[in-house]
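Remarks on the structure that follows.
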Amino acid sequence: DGRCVRTLKGHSFYVNSVAFSDFLGFSAGCYQARKAGLTNAALLQAIFRLPGQAASGKGQALASAAAWARANPPKATAAVAKVIAISAAAEAGTISQAECQSSVASIATEITKAGERAAGVAALAKGLEGARSLLDAGVLSAEQHADKCAALLRSAETGVAAQARAELPERLLPAAASAGSTTGGQIRRGGNGGVGDSKEGGAAPLNAPGHWDFFVSYTQRDPAAQTVARALFQKLREAGQTCWLDVEMGSKSEAAMREGVLNAKCFVAVVSDAYLTREFCLKELAWAKDNGKTIQPVVAADDKARIGELIGVGPPEAQFLRGIDFVDLHLSDKEYLDVGVKKICRNV
């Protein structure tokens, strides 16, 4: 809206050089930053000029900074005051423009990282709440609950896990899980077994924790499939389930993919127009089938009537999917989406 445009005043050279979707992501971040009181132009400018980020990534960085500012008003106010002081020093000639830009960029990076850690802790807390609800409902034993919590903590970034251990209530963090594992340093098999499990004295897994409740397979060639996969990953995490998704993994090699499939309890295939024509999607599907994994195909709700067509473009060895009930996911309807996720969770 007008406030976003005013925030971006003077940045037309930047806006004209990016895709409209990226501009929207950046504008949304600016708007959230304004709502949080981060209106200092130098701070916004420093964040959107951070190297190595796409325009939409900078919008997300601003949103993370805004979320951090809302949760930490005194620190946010102090950071903005520091930026103003640095800018004033540069204008007075006390420090050079290069020193000013470097200092402000450092503050912006610090704020962005703090915001990202806070967002990570919030997401982890949802997953731990989901695991706790399964314990309270009697679905998980105390040992299974501690194992699941430990797996969630291991799958989080180090800084996020450490902050979560320091901030979250004890009811969400069993002592054994907080210490790291209930398995005496040994990573357990996740589901039907398979190769690639990391045991004490053996090779470390390519991606921690090395075993998963779900492996989510999709094609990056389809933006809609990417959206479904990311939404499903988030929902499964909130339900207390561990989940392998390539963009969340440190290692994305073929060996890491195979390890993820073989050490997952359930293989979820996000079937879209291109899915059954992509080499690695077909490899992942074959690994799951050949190793007796539970396979759960899903589609976006808009593709529900096209399931036969989507399967038909695949090779003969993929036609077995016709005999499996698909779950359709409606991302714009929360209740409908929750029902779909519950159906998927029944597989484990």
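Each chain of the structure tokens is named A, B, ... in the order shown, its residues numbered from 1; ligands are numbered from 1 in display order.
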For this session: as JSON, numbers by chain, please: all residues of region 113-329 of chain A that backbone DSSP puts in alpha helix (DSSP H).
Result: {"A": [113, 114, 115, 116, 117, 118, 119, 120, 121, 122, 123, 124, 125, 126, 127, 128, 129, 130, 131, 132, 133, 134, 135, 136, 142, 143, 144, 145, 146, 147, 148, 149, 150, 151, 152, 153, 154, 155, 158, 159, 160, 161, 162, 163, 164, 165, 166, 167, 175, 176, 177, 178, 179, 223, 224, 225, 226, 227, 228, 229, 230, 231, 232, 233, 234, 235, 236, 237, 238, 254, 255, 256, 257, 258, 259, 260, 261, 262, 279, 280, 281, 282, 283, 284, 285, 286, 287, 288, 289, 290, 307, 308, 309, 310, 311, 312]}
For this session: Counting only C-alpha atoms, figure out which residue out of A:Ala146, A:Gly323, A:Leu236, A:Lys252 gets nearest to Leu337 (chain A).
Result: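 The shortest atom-to-atom distance to Leu337 (chain A) comes from A:Leu236.
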Problem set entry | Test item: residues at most 9 Å from region 292-294 of chain A, only C-alpha atoms, excluding those fewer than 3 positions along its chain, as a list in words | Gly191, Asn192, Val261, Leu262, Ala264, Lys265, Cys266, Phe267, Val268, Trp287, Ala288, Lys289, Asn347 and Val348 of chain A
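Shortest separation to Val341 (chain A) among A:Leu329, A:Leu321, A:Ala162, A:Ile95 occurs at residue A:Leu329, atoms counted being only C-alpha atoms.
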For this session: Identify, on the basis of only C-alpha atoms, every residue whose closest approach to Pro297 (chain A) does not exceed 9 Å; exclude the query and any residue fewer than 4 positions from it along the same chain; express the result as a PyMOL selection string.
Result: chain A and resi 267-271+321+324-328
For this session: Enter the distance from CA of Ala164 (chain A) to CA of Pro209 (chain A), in Å, rounded to one decimal.
Result: 17.3 Å
Problem set entry | Straight-line distance linking CA of Tyr218 (chain A) with CA of Glu335 (chain A), stated in Å to one decimal |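 Calculated distance between CA of Tyr218 (chain A) and CA of Glu335 (chain A) is 23.3 Å.
Taking only region 114-332 of chain A, the residues that DSSP calls strand (DSSP E or B) from the backbone come to Trp212, Asp213, Phe214, Phe215, Val216, Ser217, Cys243, Trp244, Ala264, Lys265, Cys266, Phe267, Val268, Ala269, Val270, Thr294, Ile295, Gln296, Pro297, Val298, Val299, Ala300, Val327, Asp328 and Leu329 of chain A.
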For this session: To one decimal in Å, tell me the separation between CA of His330 (chain A) and CA of Ala300 (chain A).
Result: 6.2 Å
Using only C-alpha atoms, find each residue in region 201-259 of chain A having at least one atom no more than 10 Å away from region 122-133 of chain A; report its shortest atom-to-atom pair and that distance in Å (one decimal), rows by chain then rising number, as a Markdown table.
| residue | atom | partner | partner_atom | distance |
| --- | --- | --- | --- | --- |
| A:Gln234 | CA | A:Ala123 | CA | 8.1 |
| A:Lys235 | CA | A:Gly127 | CA | 8.8 |
| A:Leu236 | CA | A:Gly127 | CA | 7.9 |
| A:Arg237 | CA | A:Gly127 | CA | 4.9 |
| A:Glu238 | CA | A:Gly127 | CA | 4.0 |
| A:Ala239 | CA | A:Gly130 | CA | 4.4 |
| A:Gly240 | CA | A:Ala131 | CA | 4.3 |
| A:Gln241 | CA | A:Gly127 | CA | 7.1 |
| A:Thr242 | CA | A:Gly127 | CA | 8.7 |
Exercise. A:Leu276, A:Leu172, A:Leu206, A:Val83: which is nearest Val104 (chain A), counting only C-alpha atoms?
Worked result: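 Smallest separation from Val104 (chain A) among the options: A:Val83.
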